[in-house]
Structure formats: C-alpha cells, structure tokens
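Here is structure29.cif, consisting of mmCIF, C-alpha atoms and all ligand atoms:
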data_upload
#
loop_
_atom_site.group_PDB
_atom_site.id
_atom_site.type_symbol
_atom_site.label_atom_id
_atom_site.label_comp_id
_atom_site.auth_asym_id
_atom_site.auth_seq_id
_atom_site.Cartn_x
_atom_site.Cartn_y
_atom_site.Cartn_z
ATOM 1 C CA MET P 258 0.000 0.000 0.000
ATOM 2 C CA LYS P 259 2.699 2.424 1.027
ATOM 3 C CA LYS P 260 4.824 1.373 -1.930
ATOM 4 C CA GLY P 261 1.924 1.927 -4.278
ATOM 5 C CA ILE P 262 1.442 5.449 -3.072
ATOM 6 C CA LEU P 263 5.157 6.046 -3.368
ATOM 7 C CA LYS P 264 5.225 4.886 -6.946
ATOM 8 C CA LEU P 265 2.206 6.948 -7.855
ATOM 9 C CA ALA P 266 3.763 9.942 -6.159
ATOM 10 C CA ALA P 267 6.930 9.503 -8.196
ATOM 11 C CA LEU P 268 5.017 9.138 -11.437
ATOM 12 C CA SER P 269 3.009 12.213 -10.715
ATOM 13 C CA VAL P 270 5.958 14.512 -10.173
ATOM 14 C CA ALA P 271 6.092 15.414 -13.853
ATOM 15 C CA ALA P 272 2.346 15.825 -13.982
ATOM 16 C CA VAL P 273 2.312 18.183 -11.055
ATOM 17 C CA LEU P 274 3.877 20.991 -12.998
ATOM 18 C CA SER P 275 1.466 20.703 -15.900
ATOM 19 C CA VAL P 276 -1.700 20.513 -13.819
ATOM 20 C CA GLY P 277 -0.407 23.029 -11.319
ATOM 21 C CA LEU P 278 -2.025 26.043 -12.906
ATOM 22 C CA MET P 279 -5.393 24.335 -13.125
ATOM 23 C CA ALA P 280 -5.202 23.180 -9.544
ATOM 24 C CA GLY P 281 -4.530 26.723 -8.443
ATOM 25 C CA CYS P 282 -7.775 27.800 -10.002
ATOM 26 C CA GLY P 283 -9.698 25.346 -7.915
ATOM 27 C CA GLU P 284 -10.569 22.927 -10.686
ATOM 28 C CA GLY P 285 -12.160 19.982 -8.962
ATOM 29 C CA SER P 286 -11.473 17.606 -11.828
ATOM 30 C CA ASP P 287 -7.878 16.920 -10.884
ATOM 31 C CA ASP P 288 -7.397 13.682 -8.969
ATOM 32 C CA LYS P 289 -4.366 14.857 -7.061
ATOM 33 C CA LEU P 290 -4.115 17.129 -4.080
ATOM 34 C CA VAL P 291 -0.720 18.807 -4.098
ATOM 35 C CA MET P 292 0.561 19.862 -0.713
ATOM 36 C CA GLY P 293 3.583 22.100 -0.394
ATOM 37 C CA THR P 294 5.594 22.009 2.791
ATOM 38 C CA ASN P 295 9.028 22.487 4.289
ATOM 39 C CA ALA P 296 9.851 19.058 5.664
ATOM 40 C CA ALA P 297 12.256 20.272 8.321
ATOM 41 C CA PHE P 298 9.710 21.116 10.984
ATOM 42 C CA GLU P 299 9.369 18.162 13.284
ATOM 43 C CA PRO P 300 6.854 16.947 14.523
ATOM 44 C CA PHE P 301 4.657 18.583 11.843
ATOM 45 C CA GLU P 302 6.697 17.585 8.800
ATOM 46 C CA PHE P 303 9.972 15.749 8.458
ATOM 47 C CA THR P 304 11.552 13.062 6.324
ATOM 48 C CA THR P 305 12.273 9.524 7.402
ATOM 49 C CA THR P 306 13.013 6.229 5.671
ATOM 50 C CA GLU P 307 9.465 4.932 5.863
ATOM 51 C CA GLY P 308 7.160 7.920 5.984
ATOM 52 C CA LEU P 309 3.403 8.127 5.670
ATOM 53 C CA VAL P 310 3.727 9.415 2.119
ATOM 54 C CA GLY P 311 7.010 8.325 0.603
ATOM 55 C CA GLU P 312 9.732 9.781 2.821
ATOM 56 C CA PHE P 313 7.408 12.376 4.349
ATOM 57 C CA ASP P 314 5.872 12.061 7.777
ATOM 58 C CA GLY P 315 4.455 14.192 10.571
ATOM 59 C CA ILE P 316 1.255 15.703 11.956
ATOM 60 C CA ASP P 317 0.631 17.857 8.865
ATOM 61 C CA VAL P 318 1.248 14.933 6.527
ATOM 62 C CA ALA P 319 -1.227 12.783 8.467
ATOM 63 C CA ILE P 320 -3.823 15.565 8.419
ATOM 64 C CA ALA P 321 -3.306 16.209 4.699
ATOM 65 C CA LEU P 322 -3.715 12.505 3.996
ATOM 66 C CA GLU P 323 -7.117 12.611 5.699
ATOM 67 C CA LEU P 324 -8.032 15.683 3.661
ATOM 68 C CA ALA P 325 -7.018 14.013 0.402
ATOM 69 C CA LYS P 326 -8.971 10.877 1.312
ATOM 70 C CA SER P 327 -12.086 12.904 2.047
ATOM 71 C CA MET P 328 -11.794 14.472 -1.411
ATOM 72 C CA ASP P 329 -11.017 11.175 -3.102
ATOM 73 C CA LYS P 330 -7.679 12.489 -4.240
ATOM 74 C CA GLU P 331 -4.154 11.266 -4.110
ATOM 75 C CA LEU P 332 -1.858 13.317 -1.886
ATOM 76 C CA VAL P 333 1.301 14.552 -3.586
ATOM 77 C CA ILE P 334 3.939 16.349 -1.515
ATOM 78 C CA GLU P 335 6.271 19.058 -2.785
ATOM 79 C CA ASP P 336 9.096 19.858 -0.384
ATOM 80 C CA MET P 337 10.454 23.397 -0.639
ATOM 81 C CA GLU P 338 11.816 26.272 1.391
ATOM 82 C CA PHE P 339 9.281 27.746 3.785
ATOM 83 C CA ASP P 340 9.863 31.131 2.246
ATOM 84 C CA GLY P 341 8.661 29.924 -1.159
ATOM 85 C CA LEU P 342 5.382 28.370 -0.028
ATOM 86 C CA LEU P 343 3.097 31.373 -0.386
ATOM 87 C CA ALA P 344 4.293 32.164 -3.901
ATOM 88 C CA SER P 345 3.798 28.516 -4.864
ATOM 89 C CA VAL P 346 0.216 28.649 -3.610
ATOM 90 C CA GLN P 347 -0.356 31.860 -5.526
ATOM 91 C CA THR P 348 1.000 30.547 -8.819
ATOM 92 C CA GLY P 349 -0.760 27.193 -8.439
ATOM 93 C CA LYS P 350 2.420 25.129 -8.265
ATOM 94 C CA ILE P 351 0.799 23.613 -5.177
ATOM 95 C CA ASP P 352 -2.865 23.437 -4.139
ATOM 96 C CA MET P 353 -2.232 24.113 -0.482
ATOM 97 C CA ALA P 354 0.555 24.861 1.946
ATOM 98 C CA VAL P 355 0.401 22.635 5.004
ATOM 99 C CA ALA P 356 3.455 23.635 6.964
ATOM 100 C CA GLY P 357 2.588 24.555 10.531
ATOM 101 C CA MET P 358 1.900 27.919 8.992
ATOM 102 C CA THR P 359 0.675 30.641 11.307
ATOM 103 C CA ILE P 360 -2.214 32.833 10.207
ATOM 104 C CA LYS P 361 -0.854 36.357 9.829
ATOM 105 C CA GLU P 362 -2.245 39.628 8.490
ATOM 106 C CA GLU P 363 0.631 39.937 6.098
ATOM 107 C CA ARG P 364 0.082 36.459 4.665
ATOM 108 C CA LEU P 365 -3.668 37.026 4.308
ATOM 109 C CA LYS P 366 -2.839 39.586 1.641
ATOM 110 C CA SER P 367 -1.586 36.861 -0.671
ATOM 111 C CA VAL P 368 -3.464 33.686 0.317
ATOM 112 C CA ASP P 369 -6.630 32.490 2.040
ATOM 113 C CA PHE P 370 -6.370 30.451 5.237
ATOM 114 C CA SER P 371 -8.458 27.541 6.459
ATOM 115 C CA ILE P 372 -9.857 27.421 9.963
ATOM 116 C CA PRO P 373 -7.050 26.958 12.494
ATOM 117 C CA TYR P 374 -6.179 23.359 13.318
ATOM 118 C CA TYR P 375 -3.464 23.797 15.924
ATOM 119 C CA THR P 376 -2.307 26.366 18.466
ATOM 120 C CA ALA P 377 1.357 26.928 19.208
ATOM 121 C CA THR P 378 3.603 29.673 20.489
ATOM 122 C CA GLN P 379 7.294 30.588 20.262
ATOM 123 C CA VAL P 380 9.961 29.381 22.657
ATOM 124 C CA MET P 381 13.667 29.963 23.160
ATOM 125 C CA VAL P 382 16.000 27.003 22.823
ATOM 126 C CA VAL P 383 19.149 27.522 24.922
ATOM 127 C CA ALA P 384 22.019 25.446 26.323
ATOM 128 C CA ALA P 385 21.034 23.133 29.173
ATOM 129 C CA ASP P 386 23.266 25.053 31.597
ATOM 130 C CA ASN P 387 22.178 28.525 30.473
ATOM 131 C CA THR P 388 21.209 30.761 33.399
ATOM 132 C CA ASP P 389 21.040 34.261 31.906
ATOM 133 C CA ILE P 390 18.085 33.908 29.563
ATOM 134 C CA ALA P 391 14.765 33.756 31.393
ATOM 135 C CA LYS P 392 12.601 36.025 29.255
ATOM 136 C CA ALA P 393 12.555 37.235 25.671
ATOM 137 C CA GLU P 394 13.796 40.663 26.804
ATOM 138 C CA ASP P 395 17.043 39.068 27.937
ATOM 139 C CA LEU P 396 17.893 38.418 24.304
ATOM 140 C CA LYS P 397 18.356 42.145 23.879
ATOM 141 C CA ASN P 398 21.470 42.074 26.053
ATOM 142 C CA GLY P 399 23.746 41.430 23.107
ATOM 143 C CA LYS P 400 22.764 37.792 22.832
ATOM 144 C CA LYS P 401 23.432 35.933 19.610
ATOM 145 C CA VAL P 402 20.085 34.697 18.396
ATOM 146 C CA GLY P 403 19.171 32.237 15.669
ATOM 147 C CA VAL P 404 15.912 32.046 13.754
ATOM 148 C CA VAL P 405 14.577 30.376 10.657
ATOM 149 C CA LEU P 406 14.256 32.712 7.695
ATOM 150 C CA GLY P 407 10.696 33.938 7.280
ATOM 151 C CA TYR P 408 9.301 32.126 10.328
ATOM 152 C CA THR P 409 7.391 33.828 13.107
ATOM 153 C CA GLY P 410 10.559 33.760 15.216
ATOM 154 C CA ASP P 411 12.307 35.849 12.560
ATOM 155 C CA SER P 412 9.753 38.654 12.740
ATOM 156 C CA ILE P 413 9.664 38.613 16.556
ATOM 157 C CA VAL P 414 13.432 38.882 16.856
ATOM 158 C CA THR P 415 13.795 41.353 14.000
ATOM 159 C CA ASP P 416 10.741 43.573 14.498
ATOM 160 C CA ASP P 417 9.290 43.119 17.998
ATOM 161 C CA LEU P 418 12.503 42.697 19.976
ATOM 162 C CA ALA P 419 14.489 44.795 17.466
ATOM 163 C CA ILE P 420 17.674 42.826 18.040
ATOM 164 C CA ALA P 421 20.685 44.259 16.232
ATOM 165 C CA GLU P 422 21.187 42.673 12.812
ATOM 166 C CA GLU P 423 24.753 41.610 13.617
ATOM 167 C CA ASN P 424 23.428 39.455 16.453
ATOM 168 C CA ILE P 425 20.868 37.591 14.340
ATOM 169 C CA THR P 426 21.648 34.422 12.410
ATOM 170 C CA ARG P 427 19.049 33.251 9.904
ATOM 171 C CA ALA P 428 19.009 29.716 8.566
ATOM 172 C CA ASN P 429 16.716 27.781 6.297
ATOM 173 C CA ARG P 430 16.152 25.003 8.801
ATOM 174 C CA GLY P 431 15.585 25.069 12.536
ATOM 175 C CA VAL P 432 17.985 22.201 13.028
ATOM 176 C CA ASP P 433 20.886 24.301 11.683
ATOM 177 C CA VAL P 434 20.519 27.170 14.145
ATOM 178 C CA VAL P 435 19.820 24.750 16.990
ATOM 179 C CA GLN P 436 23.099 23.069 16.117
ATOM 180 C CA ASP P 437 24.792 26.432 16.648
ATOM 181 C CA VAL P 438 23.314 26.676 20.162
ATOM 182 C CA LYS P 439 24.717 23.245 20.835
ATOM 183 C CA ASN P 440 28.215 24.201 19.712
ATOM 184 C CA GLY P 441 28.103 27.545 21.517
ATOM 185 C CA LYS P 442 28.021 29.853 18.480
ATOM 186 C CA LEU P 443 24.557 31.090 19.414
ATOM 187 C CA ASP P 444 22.941 31.833 22.771
ATOM 188 C CA ALA P 445 19.373 31.079 21.770
ATOM 189 C CA VAL P 446 17.040 30.118 18.958
ATOM 190 C CA VAL P 447 13.516 31.508 18.812
ATOM 191 C CA ILE P 448 11.298 28.928 17.173
ATOM 192 C CA ASP P 449 7.813 27.369 17.277
ATOM 193 C CA SER P 450 7.091 25.541 20.521
ATOM 194 C CA TYR P 451 6.566 21.974 19.334
ATOM 195 C CA THR P 452 9.515 22.042 16.967
ATOM 196 C CA GLY P 453 11.640 23.757 19.619
ATOM 197 C CA LYS P 454 10.829 21.059 22.134
ATOM 198 C CA ALA P 455 11.544 18.267 19.676
ATOM 199 C CA LEU P 456 14.887 19.797 18.654
ATOM 200 C CA ALA P 457 15.899 20.615 22.245
ATOM 201 C CA GLU P 458 15.223 17.074 23.355
ATOM 202 C CA LYS P 459 17.243 15.605 20.517
ATOM 203 C CA ASN P 460 20.217 17.861 21.164
ATOM 204 C CA GLY P 461 20.377 17.934 24.962
ATOM 205 C CA LEU P 462 19.265 21.579 25.126
ATOM 206 C CA LYS P 463 16.446 23.215 27.064
ATOM 207 C CA VAL P 464 13.411 25.285 26.200
ATOM 208 C CA ILE P 465 12.472 28.595 27.863
ATOM 209 C CA GLU P 466 8.920 29.849 27.558
ATOM 210 C CA ASP P 467 7.751 33.438 27.888
ATOM 211 C CA ALA P 468 3.979 33.600 27.595
ATOM 212 C CA GLU P 469 4.015 37.396 27.954
ATOM 213 C CA ALA P 470 6.313 38.017 25.026
ATOM 214 C CA PHE P 471 5.229 35.193 22.774
ATOM 215 C CA GLU P 472 1.574 35.158 21.849
ATOM 216 C CA ALA P 473 -0.395 32.091 20.939
ATOM 217 C CA GLU P 474 -0.433 31.548 17.200
ATOM 218 C CA GLU P 475 -2.737 29.486 15.098
ATOM 219 C CA TYR P 476 -1.660 27.078 12.396
ATOM 220 C CA ALA P 477 -3.847 26.867 9.318
ATOM 221 C CA ILE P 478 -3.711 25.672 5.732
ATOM 222 C CA ALA P 479 -3.095 28.228 2.979
ATOM 223 C CA VAL P 480 -4.839 28.035 -0.398
ATOM 224 C CA ALA P 481 -4.924 30.386 -3.381
ATOM 225 C CA LYS P 482 -7.085 33.456 -2.908
ATOM 226 C CA GLY P 483 -10.615 32.773 -4.008
ATOM 227 C CA ASN P 484 -10.218 28.993 -4.237
ATOM 228 C CA THR P 485 -13.389 28.510 -2.217
ATOM 229 C CA GLU P 486 -14.092 25.042 -3.530
ATOM 230 C CA LEU P 487 -10.877 23.655 -2.060
ATOM 231 C CA LEU P 488 -11.098 25.840 1.041
ATOM 232 C CA ASP P 489 -14.623 24.623 1.810
ATOM 233 C CA ALA P 490 -13.600 20.996 1.388
ATOM 234 C CA ILE P 491 -10.599 21.528 3.674
ATOM 235 C CA ASN P 492 -12.633 23.360 6.307
ATOM 236 C CA THR P 493 -15.381 20.755 6.371
ATOM 237 C CA LYS P 494 -12.912 17.948 6.985
ATOM 238 C CA LEU P 495 -10.819 19.941 9.481
ATOM 239 C CA GLU P 496 -13.937 20.843 11.438
ATOM 240 C CA GLU P 497 -14.920 17.191 11.560
ATOM 241 C CA MET P 498 -11.456 16.112 12.692
ATOM 242 C CA LEU P 499 -11.283 18.807 15.358
ATOM 243 C CA THR P 500 -14.680 17.848 16.759
ATOM 244 C CA SER P 501 -14.027 14.116 16.721
ATOM 245 C CA GLY P 502 -10.641 14.503 18.398
ATOM 246 C CA LYS P 503 -8.864 13.032 15.380
ATOM 247 C CA ILE P 504 -6.353 15.885 15.135
ATOM 248 C CA GLU P 505 -5.449 15.568 18.802
ATOM 249 C CA GLU P 506 -5.076 11.828 18.325
ATOM 250 C CA ILE P 507 -2.718 12.384 15.383
ATOM 251 C CA ALA P 508 -0.720 14.956 17.359
ATOM 252 C CA GLN P 509 -0.352 12.548 20.292
ATOM 253 C CA GLN P 510 1.245 10.020 17.992
ATOM 254 C CA TYR P 511 4.019 12.461 17.143
ATOM 255 C CA ASN P 512 4.599 14.225 20.450
HETATM 256 N N1 LIG A 1 4.601 28.778 12.434
HETATM 257 C C1 LIG A 1 5.738 29.407 11.881
HETATM 258 C C2 LIG A 1 5.347 30.342 10.763
HETATM 259 O O1 LIG A 1 4.301 30.203 10.203
HETATM 260 C C3 LIG A 1 6.765 28.401 11.381
HETATM 261 C C4 LIG A 1 6.226 27.468 10.378
HETATM 262 C C5 LIG A 1 7.240 26.523 9.842
HETATM 263 O O2 LIG A 1 8.372 26.597 10.170
HETATM 264 N N2 LIG A 1 6.889 25.583 9.064
HETATM 265 O O3 LIG A 1 6.080 31.231 10.454
#

What is this structure when it is put down as structure tokens?
Amino acid sequence: MKKGILKLAALSVAAVLSVGLMAGCGEGSDDKLVMGTNAAFEPFEFTTTEGLVGEFDGIDVAIALELAKSMDKELVIEDMEFDGLLASVQTGKIDMAVAGMTIKEERLKSVDFSIPYYTATQVMVVAADNTDIAKAEDLKNGKKVGVVLGYTGDSIVTDDLAIAEENITRANRGVDVVQDVKNGKLDAVVIDSYTGKALAEKNGLKVIEDAEAFEAEEYAIAVAKGNTELLDAINTKLEEMLTSGKIEEIAQQYN
C-alpha cells in the first residue's frame, strides 16, 4: 500500500507541474491534491526512511492525507523552502501549503487560510546550563540569536525585539541554528514551541517559555485566494477532525 502510493507519487511529479495552474484555479477535476511544505519542521513535517507518504511524515502529513482521502484524491507532496510556499500557492504550483503555517495579516494579503487546526507559540531554545536567559527581553542584552528565515521567530526577533542585525543568524532550517546553540556559536534560537521542544530534546538543550512576550499563534492551511471550492472541502474535513478529536489523536502520535 505504502509502496503503491510512493510509486504513484513519483510518477506524478512530472504531472504536477502541468496541472499546477489548473489546480490553483480550484478545478475539482484533478485527482491529485498537491501539498507544499518544508519538511524540516518536526513533529509537523519531516523526512524519514518509511514515511506516511514516501519519505514524508508528521502531523501535517497525516492531516493532509485525511483531507485528500475525504476528497477522493491522491496526496502529492512538494518539499520546498518555507519562504517559497506562499508564492507557490499563488502561482498554483501547489494546491495548499500545510506547513505549521501561522495565520498572519501579512500572509492574508496573498493567500486564504483555512480554519485553524493547531495552536502553538514561540519558545527559546538555549544550552542546558544557560542561566542568563529567562525572558525574551534578555535576548536584547547582546545575545546571539538564531531564527529560521521567514518564520514567526524571525519577525519577533527582527521587528518586535528589534535585536541588532549583527546578532541575528538566519538559517533555512531550525535544526541548523539549533546546532549552533549546541556548539556555543549562538545563545538562543527563537522557534515554534513543538519544533523547539523536539529539537531541544534531541540535542540535549532546554526550552524557555515566555507567555508574555510570545503570543499564541494558530496554524492553518493556505490556499490560493478565491479557491473557495478547495477551502470549503478543507474546512469541512478539518472541522470534523477537530470535533471528533482526530487531530489531537494524530498529534499525540508524534509528540
Ligand atoms: N509557524 C511558523 C510560521 O508560520 C513556522 C512554520 C514553519 O516553520 N513551518 O512562520
């Protein structure tokens, strides 16, 4: 079964590009649902030898699989940089971005969002023996801070905390900046809570929370503006999975 999906997914790679434009316009005739993501965001999306869909696994992948099933479509996953997801939704390269993506004013200008399916916040990942970072404000004391380019953490550190540019390191993957905390190049990484916890655990680091500085943020699925057909189908299924406890059940499996 898994192999079959894998093979189909491989065969469909070439087709994705050609049907991409149609899919972006919300044509219901296509039998594939193309999800774009950045598979370096454990536990929401990551790669592994035997994933749920080919090498891809995680909470978002499991949710997207349910969505595809409910629409009678085959789920195809396009892995790309987080920064490129919104443009790919806009141009129709992908039907939807499922990437632990937080609903934000700025993003609503270019895409439509589904109902929220998960609530997270930001945390600081620091060395296990760190004693001088207790709140977000402490980062302003000349601390070297890492973030992932274009993530919520990036805008908090850059705009809200206004940390000096020379003290900010931006990477494409959370794991890279977390590595720098581990080897002492950085004092802290500001990153989404679930991913921060997963990365801290793996690397023997610790997580500092600051509920005052870091607001709750809601993850939702992004689709092309005006693609109401797809958005309605997504919302109906998400609503059902939220009510039945299915999303929580999926999340438990990965936490
Ligand atoms: N939730 C964060 C954001 O939307 C990070 C998402 C991600 O890294 N995939 O910016």

For stretch 432-437 of chain P, what centre and edge lengths in Å (one decimal) does the axis-aligned box get once 4 Å is added on each side of all its listed atoms, as AutoDock Vina command-line options?
--center_x 21.4 --center_y 24.7 --center_z 14.3 --size_x 14.8 --size_y 13.0 --size_z 13.3

Between P:Leu309, P:Glu302, P:Thr348, P:Asp317, single out the one closest to P:Ile507, counting all atoms listed in the file.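 Answer, going by the shortest atom-to-atom distance: P:Asp317.
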
Leaving out P:Glu422 and any residue of its chain fewer than 6 positions from it, which residues lie within 10 Å of it when counting only C-alpha atoms, given as a list in words? Lys401, Val402, Val414 and Thr415 of chain P

Could the residues in this selection be saved with C-alpha atoms as a compact mmCIF listing (two decimals), in the coordinates of the input?
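Okay, this is what ended up in out25.txt:
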# COMPACT_ATOMS: atom_id res chain seq x y z
CA LYS P 401 23.43 35.93 19.61
CA VAL P 402 20.08 34.70 18.40
CA VAL P 414 13.43 38.88 16.86
CA THR P 415 13.80 41.35 14.00

Run the PyMOL selection byres (((not hetatm)) within 10 of (chain A and resi 1)) mentally over the shown coordinates, then write out the matched residues as a PyMOL selection string, using the chain letters and numbers from the document. chain P and resi 294-299+301-302+317+338-340+342+354-361+364+376-379+404-412+429-431+448-452+474-477

Measuring atom to atom with all atoms listed in the file, identify which of P:Ala490, P:Val438, P:Met498, P:Ile465 is nearest to P:Asp329.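 Ranked by minimum distance to P:Asp329, first place goes to P:Ala490.
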
If the PyMOL selection byres (((chain P and resi 351) around 8) and not hetatm) were run on this exact file, what residues would it hold? Put them as a ChimeraX atom specification. /P:277,280-281,291-293,335,345-346,348-350,352-354

Writer output for current selection, C-alpha atoms, as a PDB file, in the frame of the given file:
ATOM      1  CA  GLY P 277      -0.407  23.029 -11.319  1.00  0.00           C
ATOM      2  CA  ALA P 280      -5.202  23.180  -9.544  1.00  0.00           C
ATOM      3  CA  GLY P 281      -4.530  26.723  -8.443  1.00  0.00           C
ATOM      4  CA  VAL P 291      -0.720  18.807  -4.098  1.00  0.00           C
ATOM      5  CA  MET P 292       0.561  19.862  -0.713  1.00  0.00           C
ATOM      6  CA  GLY P 293       3.583  22.100  -0.394  1.00  0.00           C
ATOM      7  CA  GLU P 335       6.271  19.058  -2.785  1.00  0.00           C
ATOM      8  CA  SER P 345       3.798  28.516  -4.864  1.00  0.00           C
ATOM      9  CA  VAL P 346       0.216  28.649  -3.610  1.00  0.00           C
ATOM     10  CA  THR P 348       1.000  30.547  -8.819  1.00  0.00           C
ATOM     11  CA  GLY P 349      -0.760  27.193  -8.439  1.00  0.00           C
ATOM     12  CA  LYS P 350       2.420  25.129  -8.265  1.00  0.00           C
ATOM     13  CA  ASP P 352      -2.865  23.437  -4.139  1.00  0.00           C
ATOM     14  CA  MET P 353      -2.232  24.113  -0.482  1.00  0.00           C
ATOM     15  CA  ALA P 354       0.555  24.861   1.946  1.00  0.00           C
TER      16      ALA P 354
END

Just the number, please: distance in Å from atom CA of P:Glu472 to atom CA of P:Gly403, one decimal.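 Computing it gives 18.9 Å between the two atoms.
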
Please write as a PyMOL selection string the full residue list that the PyMOL selection byres (((chain P and resi 330) around 6) and not hetatm) yields on this file. chain P and resi 288-290+325-326+328-329+331
